[in-house]
Each structure stands twice: as C-alpha cells, then as structure tokens.
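Visitor: Contents of entry.txt (compact mmCIF, C-alpha atoms) are given next:
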```
# COMPACT_ATOMS: atom_id res chain seq x y z
CA MET A 252 11.86 -27.28 -11.07
CA ASN A 253 12.20 -24.16 -13.18
CA TYR A 254 8.45 -24.21 -13.78
CA PHE A 255 7.85 -24.51 -10.09
CA ILE A 256 10.02 -21.48 -9.29
CA SER A 257 8.39 -19.26 -11.89
CA PHE A 258 5.00 -20.41 -10.62
CA LEU A 259 5.94 -19.38 -7.07
CA LEU A 260 7.39 -16.09 -8.27
CA ALA A 261 4.17 -15.30 -10.12
CA ILE A 262 2.19 -15.98 -6.95
CA VAL A 263 4.42 -13.70 -4.86
CA THR A 264 4.24 -10.97 -7.51
CA GLY A 265 0.47 -11.10 -7.59
CA MET A 266 0.22 -11.15 -3.83
CA LEU A 267 2.68 -8.53 -2.66
CA ILE A 268 4.07 -6.41 -5.47
CA ASP A 269 1.16 -5.95 -7.80
CA ASN A 270 -1.44 -6.22 -5.07
CA VAL A 271 -5.05 -6.37 -6.30
CA VAL A 272 -6.54 -3.85 -3.99
CA LEU A 273 -3.69 -1.47 -3.37
CA SER A 274 -2.16 -1.12 -6.80
CA ARG A 275 -4.61 -2.58 -9.32
CA PHE A 276 -7.72 -1.28 -7.54
CA TYR A 277 -9.88 -4.39 -7.92
CA GLY A 278 -12.43 -5.15 -5.26
CA ILE A 279 -12.44 -1.83 -3.42
CA CYS A 280 -16.16 -2.12 -2.61
CA PRO A 281 -15.95 -5.23 -0.38
CA PHE A 282 -12.60 -3.92 0.87
CA LEU A 283 -14.32 -0.83 2.28
CA GLY A 284 -17.64 -2.51 3.07
CA VAL A 285 -16.86 -5.83 4.74
CA SER A 286 -13.60 -5.19 6.46
CA LYS A 287 -15.04 -3.97 9.74
CA ARG A 288 -14.87 -7.30 11.54
CA VAL A 289 -11.80 -9.47 11.38
CA GLN A 290 -13.65 -12.77 11.27
CA SER A 291 -16.06 -11.95 8.47
CA SER A 292 -13.31 -10.29 6.48
CA VAL A 293 -11.28 -13.51 6.57
CA GLY A 294 -14.39 -15.50 5.59
CA MET A 295 -15.00 -13.13 2.71
CA GLY A 296 -11.36 -13.38 1.64
CA ILE A 297 -11.46 -17.18 1.58
CA ALA A 298 -14.74 -17.22 -0.35
CA VAL A 299 -13.31 -14.78 -2.91
CA THR A 300 -10.12 -16.87 -3.20
CA PHE A 301 -12.18 -19.96 -3.88
CA VAL A 302 -14.33 -18.24 -6.50
CA ILE A 303 -11.36 -16.62 -8.30
CA VAL A 304 -9.37 -19.86 -8.54
CA LEU A 305 -12.40 -21.89 -9.60
CA ALA A 306 -13.51 -19.24 -12.11
CA THR A 307 -10.05 -19.24 -13.69
CA CYS A 308 -10.11 -23.04 -13.93
CA VAL A 309 -13.48 -22.89 -15.72
CA CYS A 310 -13.14 -19.75 -17.83
CA TRP A 311 -9.70 -20.36 -19.32
CA PRO A 312 -10.67 -23.68 -20.99
CA LEU A 313 -14.04 -22.16 -21.90
CA TYR A 314 -12.30 -19.37 -23.78
CA THR A 315 -9.56 -21.45 -25.39
CA TYR A 316 -11.52 -24.56 -26.34
CA ILE A 317 -15.05 -23.26 -26.95
CA LEU A 318 -15.22 -19.53 -27.67
CA VAL A 319 -12.13 -19.28 -29.89
CA PRO A 320 -12.84 -22.36 -32.07
CA ALA A 321 -16.47 -21.25 -32.38
CA GLY A 322 -15.28 -17.88 -33.66
CA ILE A 323 -16.94 -15.80 -30.97
CA PRO A 324 -14.08 -14.66 -28.70
CA PHE A 325 -15.84 -11.29 -28.31
CA MET A 326 -18.52 -12.98 -26.21
CA ASP A 327 -15.96 -13.53 -23.43
CA THR A 328 -17.29 -10.95 -20.96
CA VAL A 329 -20.86 -12.25 -21.17
CA ALA A 330 -19.72 -15.87 -20.76
CA TYR A 331 -17.41 -15.08 -17.84
CA ILE A 332 -20.00 -13.15 -15.89
CA LEU A 333 -22.48 -16.02 -16.24
CA VAL A 334 -19.89 -18.55 -15.06
CA ILE A 335 -18.94 -16.34 -12.12
CA ALA A 336 -22.56 -15.76 -11.10
CA SER A 337 -23.28 -19.49 -11.04
CA LEU A 338 -20.05 -20.25 -9.16
CA VAL A 339 -21.00 -17.73 -6.51
CA GLN A 340 -24.37 -19.45 -6.06
CA PHE A 341 -22.52 -22.74 -5.71
CA VAL A 342 -20.10 -21.38 -3.10
CA ALA A 343 -23.00 -19.85 -1.19
CA LEU A 344 -24.71 -23.26 -1.07
CA ILE A 345 -21.52 -24.94 0.18
CA ILE A 346 -20.93 -22.37 2.91
CA LYS A 347 -24.57 -22.58 3.97
CA LYS A 348 -24.29 -26.36 4.33
CA TYR A 349 -20.97 -26.58 6.17
CA SER A 350 -20.71 -23.34 8.12
CA PRO A 351 -24.06 -21.74 8.91
CA THR A 352 -22.40 -19.21 11.25
CA LEU A 353 -20.15 -17.89 8.51
CA TYR A 354 -23.13 -17.83 6.17
CA ARG A 355 -25.05 -15.66 8.61
CA ASN A 356 -22.05 -13.36 9.12
CA LEU A 357 -21.35 -12.86 5.44
CA GLY A 358 -25.05 -12.45 4.72
CA ILE A 359 -25.61 -9.97 1.95
CA TYR A 360 -21.97 -9.88 0.94
CA LEU A 361 -21.99 -13.35 -0.58
CA PRO A 362 -24.02 -12.51 -3.70
CA LEU A 363 -21.89 -9.40 -4.01
CA ILE A 364 -18.86 -11.53 -4.91
CA THR A 365 -20.41 -11.66 -8.38
CA THR A 366 -19.93 -7.93 -8.69
CA ASN A 367 -16.49 -8.00 -7.11
CA CYS A 368 -14.22 -6.55 -9.79
CA ALA A 369 -11.38 -8.78 -8.64
CA VAL A 370 -13.02 -11.93 -9.99
CA LEU A 371 -13.93 -10.68 -13.45
CA GLY A 372 -10.78 -8.55 -13.56
CA VAL A 373 -8.45 -11.50 -13.04
CA VAL A 374 -10.28 -13.82 -15.43
CA GLN A 375 -10.60 -11.18 -18.14
CA GLY A 376 -7.03 -9.98 -17.66
CA ASN A 377 -5.70 -13.52 -18.08
CA THR A 378 -7.33 -14.09 -21.44
CA ASP A 379 -6.80 -10.50 -22.64
CA GLN A 380 -3.07 -10.94 -22.20
CA ALA A 381 -3.23 -14.37 -23.86
CA MET A 382 -1.63 -16.12 -20.88
CA GLU A 383 -1.02 -19.88 -20.73
CA PHE A 384 -3.03 -21.95 -18.26
CA LEU A 385 -0.40 -22.31 -15.52
CA PRO A 386 0.58 -18.61 -15.41
CA SER A 387 -3.13 -17.77 -15.32
CA LEU A 388 -3.61 -20.09 -12.38
CA ALA A 389 -0.59 -18.58 -10.61
CA ASN A 390 -1.97 -15.11 -11.24
CA ALA A 391 -5.35 -16.17 -9.85
CA ILE A 392 -3.85 -17.71 -6.70
CA GLY A 393 -1.49 -14.80 -6.09
CA THR A 394 -4.18 -12.20 -6.65
CA SER A 395 -6.68 -13.84 -4.36
CA LEU A 396 -4.13 -14.45 -1.61
CA GLY A 397 -3.17 -10.80 -1.93
CA PHE A 398 -6.83 -9.87 -1.49
CA LEU A 399 -7.09 -12.10 1.58
CA LEU A 400 -3.93 -10.63 3.11
CA VAL A 401 -4.89 -7.01 2.55
CA ILE A 402 -8.51 -7.36 3.67
CA PHE A 403 -7.29 -9.08 6.87
CA ILE A 404 -4.67 -6.41 7.68
CA PHE A 405 -7.17 -3.69 6.90
CA ALA A 406 -9.82 -5.22 9.19
CA CYS A 407 -7.30 -5.31 12.04
CA VAL A 408 -6.35 -1.67 11.45
CA ARG A 409 -9.99 -0.61 11.31
CA ASN A 410 -10.72 -2.38 14.57
CA ARG A 411 -8.18 -0.12 16.23
CA LEU A 412 -9.40 2.93 14.33
CA ASP A 413 -12.85 2.55 15.87
CA ALA A 414 -11.42 3.35 19.30
CA MET A 415 -9.49 6.37 18.06
CA ASN A 416 -10.56 9.98 18.16
CA VAL A 417 -10.85 10.76 14.46
CA PRO A 418 -11.83 14.27 13.27
CA LYS A 419 -15.56 14.36 12.63
CA ALA A 420 -15.35 15.00 8.88
CA LEU A 421 -12.94 12.09 8.37
CA LYS A 422 -15.07 9.50 10.18
CA GLY A 423 -16.03 6.39 8.23
CA THR A 424 -14.98 6.03 4.61
CA PRO A 425 -12.52 8.99 4.33
CA ILE A 426 -10.23 7.74 7.10
CA ALA A 427 -10.49 4.21 5.68
CA LEU A 428 -9.30 5.49 2.31
CA ILE A 429 -6.41 7.38 3.87
CA THR A 430 -5.44 4.25 5.82
CA ALA A 431 -5.52 2.38 2.51
CA ALA A 432 -3.24 5.04 1.02
CA LEU A 433 -0.69 4.48 3.79
CA MET A 434 -0.93 0.71 3.29
CA SER A 435 -0.43 1.19 -0.44
CA LEU A 436 2.67 3.25 0.32
CA ALA A 437 3.99 0.44 2.51
CA PHE A 438 3.34 -2.13 -0.22
CA MET A 439 5.20 0.03 -2.74
CA GLY A 440 8.27 -0.61 -0.63
CA LEU A 441 8.02 -4.32 -1.46
CA MET A 442 8.61 -3.65 -5.13
CA GLY A 443 12.26 -4.60 -4.98
CA ILE A 444 11.71 -8.16 -3.73
CA VAL A 445 11.25 -9.82 -7.11
CA GLY A 446 13.38 -8.16 -9.71
CA MET B 30 -45.08 6.69 -4.51
CA GLU B 31 -44.19 10.34 -4.23
CA LYS B 32 -44.13 12.35 -7.41
CA VAL B 33 -40.72 13.63 -8.44
CA SER B 34 -40.38 16.27 -11.09
CA LYS B 35 -38.37 15.46 -14.22
CA LYS B 36 -35.80 18.11 -13.35
CA ASP B 37 -35.21 16.80 -9.81
CA ASN B 38 -35.01 13.28 -11.18
CA PHE B 39 -32.21 14.37 -13.48
CA LEU B 40 -30.41 16.56 -10.97
CA LYS B 41 -30.39 14.13 -8.04
CA GLY B 42 -27.58 12.06 -9.58
CA ILE B 43 -25.33 15.07 -9.87
CA TRP B 44 -25.22 16.32 -6.30
CA LYS B 45 -27.72 14.90 -3.79
CA GLU B 46 -27.27 11.21 -4.69
CA ASN B 47 -23.96 11.41 -6.52
CA PRO B 48 -23.08 7.74 -7.08
CA LEU B 49 -19.41 8.15 -6.24
CA PHE B 50 -19.26 10.84 -3.56
CA VAL B 51 -22.47 10.19 -1.62
CA THR B 52 -23.29 6.50 -2.00
CA VAL B 53 -19.60 5.50 -2.58
CA LEU B 54 -20.34 2.98 -5.33
CA GLY B 55 -18.19 2.15 -8.33
CA THR B 56 -14.96 3.02 -6.57
CA CYS B 57 -12.65 0.74 -8.55
CA PRO B 58 -12.62 2.65 -11.86
CA ALA B 59 -12.75 5.91 -9.92
CA LEU B 60 -9.33 5.12 -8.49
CA ALA B 61 -7.83 3.25 -11.43
CA THR B 62 -8.75 5.41 -14.39
CA THR B 63 -8.22 8.85 -12.90
CA LYS B 64 -4.49 9.20 -13.42
CA THR B 65 -4.99 11.58 -16.34
CA ILE B 66 -7.95 13.75 -17.28
CA GLU B 67 -8.23 12.19 -20.73
CA ALA B 68 -8.57 8.67 -19.32
CA ALA B 69 -11.22 9.92 -16.90
CA ILE B 70 -13.19 11.58 -19.73
CA GLY B 71 -12.99 8.40 -21.80
CA MET B 72 -14.11 6.24 -18.91
CA GLY B 73 -16.92 8.65 -18.06
CA VAL B 74 -18.27 8.72 -21.62
CA LEU B 75 -18.20 4.92 -21.99
CA PHE B 76 -19.86 4.61 -18.60
CA ILE B 77 -22.66 7.04 -19.50
CA ILE B 78 -23.35 5.18 -22.76
CA VAL B 79 -23.58 1.79 -21.03
CA LEU B 80 -25.68 3.16 -18.16
CA ILE B 81 -28.20 4.88 -20.45
CA CYS B 82 -28.56 1.91 -22.83
CA SER B 83 -28.97 -0.65 -20.06
CA ASN B 84 -31.37 1.52 -18.04
CA VAL B 85 -33.59 2.14 -21.08
CA LEU B 86 -33.63 -1.52 -22.13
CA VAL B 87 -34.29 -2.76 -18.60
CA SER B 88 -37.13 -0.28 -18.30
CA LEU B 89 -38.58 -1.44 -21.64
CA LEU B 90 -38.41 -5.08 -20.59
CA ARG B 91 -39.46 -4.56 -16.98
CA LYS B 92 -42.86 -6.23 -17.44
CA LEU B 93 -41.45 -9.17 -19.43
CA ILE B 94 -38.63 -10.30 -17.14
CA PRO B 95 -39.88 -12.65 -14.40
CA GLU B 96 -39.08 -11.62 -10.85
CA GLU B 97 -36.95 -14.70 -10.04
CA ILE B 98 -34.36 -14.31 -12.78
CA ARG B 99 -34.19 -10.53 -12.61
CA THR B 100 -30.55 -10.12 -11.61
CA PRO B 101 -29.03 -12.60 -14.10
CA ALA B 102 -31.13 -11.07 -16.89
CA TYR B 103 -29.93 -7.57 -16.03
CA ILE B 104 -26.32 -8.73 -15.88
CA VAL B 105 -26.58 -10.25 -19.34
CA ILE B 106 -28.13 -7.04 -20.73
CA ILE B 107 -25.36 -4.93 -19.19
CA ALA B 108 -22.63 -7.33 -20.34
CA SER B 109 -23.91 -7.22 -23.92
CA PHE B 110 -23.83 -3.42 -24.02
CA VAL B 111 -20.35 -3.43 -22.50
CA THR B 112 -19.19 -5.84 -25.22
CA VAL B 113 -20.60 -3.55 -27.93
CA VAL B 114 -18.95 -0.49 -26.39
CA LYS B 115 -15.68 -2.39 -26.01
CA MET B 116 -15.63 -3.38 -29.69
CA PHE B 117 -16.36 0.19 -30.82
CA THR B 118 -13.58 1.55 -28.61
CA ASN B 119 -11.15 -1.04 -29.90
CA ALA B 120 -11.98 -0.10 -33.48
CA PHE B 121 -12.10 3.69 -33.29
CA LEU B 122 -10.02 4.71 -30.26
CA PRO B 123 -7.32 2.06 -29.81
CA GLU B 124 -5.27 4.33 -27.51
CA LEU B 125 -8.19 4.69 -25.14
CA TYR B 126 -8.77 0.94 -25.33
CA SER B 127 -5.21 0.12 -24.32
CA THR B 128 -5.15 2.76 -21.57
CA LEU B 129 -8.35 1.66 -19.87
CA GLY B 130 -7.60 -2.01 -20.58
CA VAL B 131 -9.60 -4.41 -18.49
CA PHE B 132 -11.56 -1.61 -16.85
CA ILE B 133 -13.85 -1.34 -19.88
CA SER B 134 -14.96 -4.93 -19.26
CA LEU B 135 -15.25 -4.15 -15.58
CA ILE B 136 -18.13 -1.73 -16.24
CA VAL B 137 -20.18 -4.96 -16.16
CA VAL B 138 -19.54 -5.38 -12.46
CA ASN B 139 -19.79 -1.70 -11.63
CA CYS B 140 -22.32 -1.60 -8.81
CA ILE B 141 -23.86 1.64 -10.08
CA VAL B 142 -25.12 0.17 -13.36
CA LEU B 143 -26.69 -2.90 -11.75
CA GLY B 144 -27.89 -0.78 -8.84
CA ARG B 145 -29.76 1.67 -11.07
CA ALA B 146 -31.26 -1.20 -13.08
CA GLU B 147 -32.45 -2.94 -9.90
CA SER B 148 -33.62 0.02 -7.89
CA TYR B 149 -34.84 2.44 -10.55
CA ALA B 150 -35.31 1.15 -14.09
CA SER B 151 -37.10 -2.01 -12.98
CA ASN B 152 -40.10 -0.03 -11.76
CA HIS B 153 -40.09 3.25 -13.67
CA GLY B 154 -41.02 4.38 -17.17
CA VAL B 155 -38.60 4.59 -20.08
CA PHE B 156 -38.15 8.35 -20.13
CA ASP B 157 -37.73 8.57 -16.36
CA SER B 158 -35.12 5.83 -16.47
CA PHE B 159 -33.32 7.64 -19.26
CA LEU B 160 -33.18 10.86 -17.24
CA ASP B 161 -32.08 8.97 -14.14
CA ALA B 162 -29.26 7.28 -16.05
CA LEU B 163 -28.18 10.55 -17.66
CA GLY B 164 -28.07 12.34 -14.30
CA MET B 165 -26.22 9.52 -12.56
CA GLY B 166 -23.78 9.18 -15.45
CA ILE B 167 -23.00 12.89 -15.54
CA GLY B 168 -22.63 12.92 -11.75
CA TYR B 169 -20.19 10.03 -11.97
CA MET B 170 -18.26 11.74 -14.74
CA ILE B 171 -17.99 14.97 -12.76
CA ALA B 172 -16.66 12.96 -9.81
CA LEU B 173 -14.08 11.21 -12.01
CA LEU B 174 -13.06 14.54 -13.53
CA SER B 175 -12.54 16.23 -10.18
CA ILE B 176 -10.34 13.38 -8.89
CA SER B 177 -8.32 13.23 -12.11
CA LEU B 178 -7.88 17.00 -12.28
CA ILE B 179 -6.31 17.09 -8.81
CA ARG B 180 -4.19 14.02 -9.50
CA GLU B 181 -2.88 15.11 -12.88
CA VAL B 182 -2.13 18.70 -11.88
CA ILE B 183 -0.34 17.81 -8.65
CA GLY B 184 1.18 14.57 -9.94
CA THR B 185 2.68 15.79 -13.21
CA GLY B 186 2.48 19.55 -12.80
CA ALA B 187 0.72 19.99 -16.13
CA ILE B 188 -2.45 19.14 -18.03
CA THR B 189 -1.81 17.15 -21.18
CA PHE B 190 -4.16 16.60 -24.08
CA GLY B 191 -3.77 14.66 -27.29
CA LYS B 192 -2.15 11.55 -25.83
CA ILE B 193 -5.21 9.33 -25.73
CA PHE B 194 -7.60 11.25 -27.96
CA THR B 195 -5.21 11.36 -30.89
CA PHE B 196 -7.61 13.41 -33.02
CA LEU B 197 -6.94 16.38 -30.72
CA PRO B 198 -3.77 18.43 -31.21
CA ALA B 199 -1.06 17.56 -28.70
CA LEU B 200 -1.14 20.21 -26.00
CA SER B 201 0.49 20.53 -22.62
CA LEU B 202 -0.47 23.27 -20.17
CA PRO B 203 2.16 23.64 -17.44
CA ILE B 204 0.62 24.73 -14.16
CA LEU B 205 2.89 23.79 -11.30
CA LYS B 206 6.11 23.76 -13.27
CA GLY B 207 8.00 26.00 -15.63
CA SER B 208 11.54 27.03 -16.41
CA GLY B 209 13.61 26.49 -13.30
CA PHE B 210 10.92 25.28 -10.93
CA ASP B 211 8.85 22.15 -10.61
CA TYR B 212 6.41 21.86 -7.71
CA SER B 213 4.76 18.63 -8.83
CA ILE B 214 4.52 15.76 -6.33
CA SER B 215 4.86 12.58 -8.34
CA ILE B 216 3.29 10.36 -5.67
CA PHE B 217 -0.12 11.72 -6.68
CA ALA B 218 0.20 9.93 -10.00
CA THR B 219 0.66 6.58 -8.19
CA PRO B 220 -2.07 4.45 -6.54
CA VAL B 221 -1.26 6.11 -3.20
CA GLY B 222 -2.33 9.48 -4.56
CA ALA B 223 -5.60 8.02 -5.79
CA PHE B 224 -6.56 6.84 -2.30
CA ILE B 225 -5.49 10.10 -0.65
CA VAL B 226 -7.30 12.38 -3.12
CA PHE B 227 -10.50 10.33 -2.98
CA GLY B 228 -10.40 10.22 0.83
CA LEU B 229 -9.82 13.95 1.15
CA ILE B 230 -12.63 14.79 -1.30
CA LEU B 231 -15.05 12.60 0.71
CA ALA B 232 -13.85 14.30 3.91
CA THR B 233 -14.43 17.75 2.40
CA ILE B 234 -17.97 16.80 1.41
CA ALA B 235 -18.64 15.40 4.89
CA PHE B 236 -17.26 18.62 6.39
CA ILE B 237 -19.58 20.80 4.29
CA GLU B 238 -22.58 18.59 5.11
CA ASN B 239 -21.78 18.65 8.84
CA ARG B 240 -21.46 22.42 8.75
CA ARG B 241 -24.84 22.75 7.05
CA LYS B 242 -26.49 20.38 9.53
CA GLU B 243 -25.04 22.25 12.52
CA LYS B 244 -26.29 25.55 11.14
CA ALA B 245 -29.76 24.16 10.62
CA GLU B 246 -29.83 22.74 14.16
CA PHE B 247 -28.60 26.03 15.57
CA LYS B 248 -31.35 27.90 13.73
CA THR B 249 -34.14 25.61 15.00
CA ARG B 250 -32.77 25.87 18.55
CA MET B 251 -32.71 29.66 18.34
CA LEU B 252 -36.29 29.70 17.07
CA LYS B 253 -37.38 27.43 19.90
CA ASN B 254 -35.58 29.57 22.48
CA SER B 255 -37.10 32.79 21.19
CA SER B 256 -40.61 31.28 21.12
CA GLN B 257 -40.11 30.01 24.68
CA ALA B 258 -38.95 33.45 25.75
CA GLN B 259 -42.08 34.96 24.22
CA MET B 260 -44.24 32.46 26.09
CA GLU B 261 -42.55 33.39 29.34
CA ASP B 262 -43.00 37.07 28.59
CA LYS B 263 -46.71 36.50 28.21
CA LYS B 264 -46.87 34.78 31.56
```
Represent the structure from my file as structure tokens, please.

Guide:
Amino acid sequence: MNYFISFLLAIVTGMLIDNVVLSRFYGICPFLGVSKRVQSSVGMGIAVTFVIVLATCVCWPLYTYILVPAGIPFMDTVAYILVIASLVQFVALIIKKYSPTLYRNLGIYLPLITTNCAVLGVVQGNTDQAMEFLPSLANAIGTSLGFLLVIFIFACVRNRLDAMNVPKALKGTPIALITAALMSLAFMGLMGIVG
Amino acid sequence: MEKVSKKDNFLKGIWKENPLFVTVLGTCPALATTKTIEAAIGMGVLFIIVLICSNVLVSLLRKLIPEEIRTPAYIVIIASFVTVVKMFTNAFLPELYSTLGVFISLIVVNCIVLGRAESYASNHGVFDSFLDALGMGIGYMIALLSISLIREVIGTGAITFGKIFTFLPALSLPILKGSGFDYSISIFATPVGAFIVFGLILATIAFIENRRKEKAEFKTRMLKNSSQAQMEDKK
C-alpha cells in the first residue's frame, strides 16, 4: 500500500508540480509547433506518452543489466537514442495500421518524437539520478501525462487566440510563449499540493 | 545552386538565419540553461563544439553514408560527440556538469544540430560546413547570452561570475541593487521569466522586421506614384 501511494505521489509530482514543459522545459518544439489543433495535439500527446513509457521500460533494464555489467555506462546516450528512434518507427507503424486519419494528421510530427527532448530527457534523467525501476516508471508516466495535459490546454487556448486581435509584432510564436508564461505561473501555484 | 560567398555563409547564422530567433529551433536549452550568464556561456561553448565536430564529420562522410540510413547515422555521429563532450565536462568542469545536468545529453536531440547536418553538411564541402557550423553556433550563443543577460540582471539584480567557472575569481557586479534599494524582480529567474523574456525578444525582432518591410513597401509605392505622375505629365 505504501508503495502504491508513493507511486501515485510521484506521478502527480511529475504531472502537475514539476511539469515537463512549463518548469523543466522539455519538448518545447512540439509544444509550440503541433498545438494548433486540439485533436492532433491530443494524438501527439498520446503518442509521446506511449513512447516515453515504453522507452523507460526498455532503457532502464538495458542500462542496468547490459551497459553497467559490460563496463560501458558512458555509452548510455548513444544506446538510448537508438532505442528511442526504433520505438518511434514502431509507434508510427502501429498508428498507421489502426488509425490512418490520425497518421495523416500527425504527418511530419511523428518522426519528430525522436528529437523530442522529453523522451531522452526522462530516460537519461532516470539513470543519471540512479533511480530504481518503479520510481523511474512513475516519473515516466507522470511526465508524459503532464505533457499530454499541458499540450491539450495549450491547444485549446491557442484556438481562442486565433480569433483575438493580437498586436502585429506579437502574432504567432511570441504570443504563444507569453501564454505559456502565464500557464507556467498558474502551475507554480500548484506547488503546495504535495509537500 | 547559387554561389554564396564564404563571408555570407558564416554571417547568415548570426543574424539572417539565427537558429533561435528566426527559425525558433533548439528552444529547450534556450529556456532551461539561461538562468545565469555563466550557464549560458557554458552551454553555448559545448553546443558550438558539438555542432562543428558533427558538421565536419558528416560533410567528410557525405559520400559514404547511403541515403536510406542517413538520419540514424547522423544521430549516432552526434550522440558520440555529445558523449565525448560530456565526459570532458565531467572531468574538467564538474560545476558546469552539475548545473547543466541532463541538458548536455539533450544536445543530441537539439533540432539545430541534426537540422544543419541534414540540410547543409550532407551536400556541402568540409570547409563550408565548418563555417556554417561556426556561424550557427555563434548565433545560437549570442541568442543564449542575450536571454540570460536580461534574466540574470532583472532576476537577481546583479551579474555574478566565478560560481560555475571556478577558475575565475568570484565577482559580483550589482546593477539593480545596492545599499538600501533592490529593484530586482525574482520571477525572472524562474521558468516564467524564461518564457516571457524569450517571447518579448521574438516580438521585438518581429517589430523591427515589420517596420523595415513597411518602409520598403512605402518606398516602392512612392516611386511608383512619382513615375505615374511623370507619365501623366508627359501626356
């Protein structure tokens, strides 16, 4: 039971308090690039969630049971990026098979998950801090749910922003960044939840 | 292909195609490592080293790497250089290593490095690729420096040296604070400040560009009007 509670707490921390995008700055590129349409942003979020959780499940054993015993823990970054790149290919194949519409909507953004800092950042951060498997998994789930939540909220906000009369110089990315700043401010207020 | 002079090739990364401010790539480290100027300098230097090495090697190997496995091959090249840089930083500048943390590894997935390898080094000569990487790297570093300067000065009210680069003497230059007053706004040192500063810098650049475009349009319209007036005079 105690395990279960700390697992849940770690998920909530990763999702709300130490949010990937708004306080750890992972995955800003898809955050600014994809989140113009609500539907594709949710699709992107789910795909990223899947890749992050799967990558953690593969990379943690890879590091602990292969790289460390073999005496080459410094090869971690190279190994992780290869694992992530192949997982992304795999996810792309699955989405193409089961949801061709989503595949068409996500289009060029799917291969870009490889270069999404969130994936490598979470995997690398887990092993850098020498976390156990379960906390790593909790961190992965919390982080990716946080990404999903924020990219969804942001897409909704941007939908409204399109109809607004924004000063000419602020149109596009600048106003998106300032919106993100306000969201980050709001998320800072959640800091007291888990103490 | 149009011929670009060596100088333009080098300079384009600094202003016209600045990777951070114009193409808005590589935003994650730009927000995360710009809390202090020293961290930004460290990140910029590591980034330039990785970018130059990978661009030169990709350019050297551009005829050997088959088209189909281009991207994975480039990623492995970049990841190897990042690993080398990471080990050197860990050995010689442990403070920098712990400050930047996972963001050194994240240079691997920085879109700028892969982007330059794909779009430039894969079809240009070695020296051209070197110049391109140097220009882009310096442009990126200037961008990081300008964000971190604003954030550190407004966020802490002073510029501090010697915290991360321990070989420098410890030095703190108070700018917005002194005896009896402190005008610093600490929110600029938090993630919120990073987003705001970056957004406002992009807006300023867009403002300047819009101004320039309007002026150019105005000029062409005036020329057209005056030439039309001359035509009518002749009639």

Visitor: If you count all atoms listed in the file, which residues fall within 10 Å of stretch 96-99 of chain B, apart from same-chain ones fewer than 2 positions away, as a PDB file with C-alpha atoms, keeping the file's coordinate frame?

Guide:
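Wrote it out as part.pdb, contents follow:
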```
ATOM      1  CA  VAL B  87     -34.290  -2.760 -18.600  1.00  0.00           C
ATOM      2  CA  ARG B  91     -39.460  -4.560 -16.980  1.00  0.00           C
ATOM      3  CA  LYS B  92     -42.860  -6.230 -17.440  1.00  0.00           C
ATOM      4  CA  LEU B  93     -41.450  -9.170 -19.430  1.00  0.00           C
ATOM      5  CA  ILE B  94     -38.630 -10.300 -17.140  1.00  0.00           C
ATOM      6  CA  PRO B 101     -29.030 -12.600 -14.100  1.00  0.00           C
ATOM      7  CA  ALA B 102     -31.130 -11.070 -16.890  1.00  0.00           C
ATOM      8  CA  TYR B 103     -29.930  -7.570 -16.030  1.00  0.00           C
ATOM      9  CA  ILE B 104     -26.320  -8.730 -15.880  1.00  0.00           C
ATOM     10  CA  ALA B 146     -31.260  -1.200 -13.080  1.00  0.00           C
ATOM     11  CA  GLU B 147     -32.450  -2.940  -9.900  1.00  0.00           C
ATOM     12  CA  SER B 151     -37.100  -2.010 -12.980  1.00  0.00           C
TER      13      SER B 151
END
```

Visitor: Kindly determine which residues of chain B lie within 6 Å of chain A, considering only C-alpha atoms, and give the answer as a list of chain:residue names.

Guide: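 That gives B:Cys57, B:Ala61, B:Ala108, B:Val138, B:Pro220, B:Val221, B:Phe224, B:Ile225, B:Gly228, B:Leu231, B:Ala232, B:Ala235, B:Phe236 for chain B.
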
Visitor: Hey, can you check how far atom CA of A:Ile402 sits from atom CA of B:Ile136?

Guide: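 About the pair atom CA of A:Ile402 and atom CA of B:Ile136: they are 22.8 Å apart.
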
Visitor: For a quick check of understanding, using only C-alpha atoms, which of B:Ala258, B:Ile234, B:Cys82, B:Ile141 has the smallest distance to B:Lys45?

Guide: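 Nearest to B:Lys45: B:Ile234.
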
Visitor: Residues near stretch 154-165 of chain B, anyone? I mean within 7 Å using all atoms listed in the file, not counting same-chain ones fewer than 4 positions away, as a list of chain:residue names.

Guide: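 Near stretch 154-165 of chain B, the qualifying residues are B:Asn38, B:Phe39, B:Leu40, B:Lys41, B:Gly42, B:Ile43, B:Asn47, B:Pro48, B:Ile77, B:Leu80, B:Ile81, B:Asn84, B:Val85, B:Ser88, B:Leu89, B:Tyr149, B:Ala150, B:Tyr169.
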
Visitor: Using only C-alpha atoms, which protein or nucleic acid residues come within 12 Å of B:Ile214? Drop anything in the same chain fewer than 5 positions from it, and give the result as a PyMOL selection string.

Guide: chain B and resi 179-187+205-206+219+221-222

Visitor: List as a PyMOL selection string the protein and nucleic acid residues near A:Leu388, meaning an atom at most 10 Å away when only C-alpha atoms are counted, but skip any in the same chain fewer than 3 places from it.

Guide: chain A and resi 258+261-262+303-308+311+373-374+377+382-385+391-394

Visitor: With distances taken over all atoms listed in the file, which of A:Val319, A:Met295, A:Leu396, A:Leu412 is nearest to A:Leu267?

Guide: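 Counting all atoms listed in the file, the residue closest to A:Leu267 is A:Leu396.
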
Visitor: If you count only C-alpha atoms, which residues fall within 9 Å of B:Ile193, apart from same-chain ones fewer than 2 positions away, as a ChimeraX atom specification?

Guide: /B:67-68,71,122-125,128,190-191,195-197

Visitor: Atom CA of B:Phe121 and atom CA of B:Val74, how far apart in Å?

Guide: 14.1 Å

Visitor: How big is the axis-aligned box around all listed atoms of stretch 383-394 of chain A once 5 Å goes on each side, and where's its centre, in Å to one decimal, as lines of an AutoDock Vina configuration file?

Guide:
```
center_x = -2.4
center_y = -17.3
center_z = -13.4
size_x = 15.9
size_y = 20.1
size_z = 24.6
```

Visitor: Mind giving me the straight-line distance from atom CA of B:Leu173 to atom CA of B:Thr62 in Å, one decimal?

Guide: 8.2 Å

Visitor: Identify which of the residues B:Ser177, B:Thr189, B:Ser208, B:Asn239 lies closest to B:Lys64, counting only C-alpha atoms when measuring atom-to-atom distances.

Guide: B:Ser177
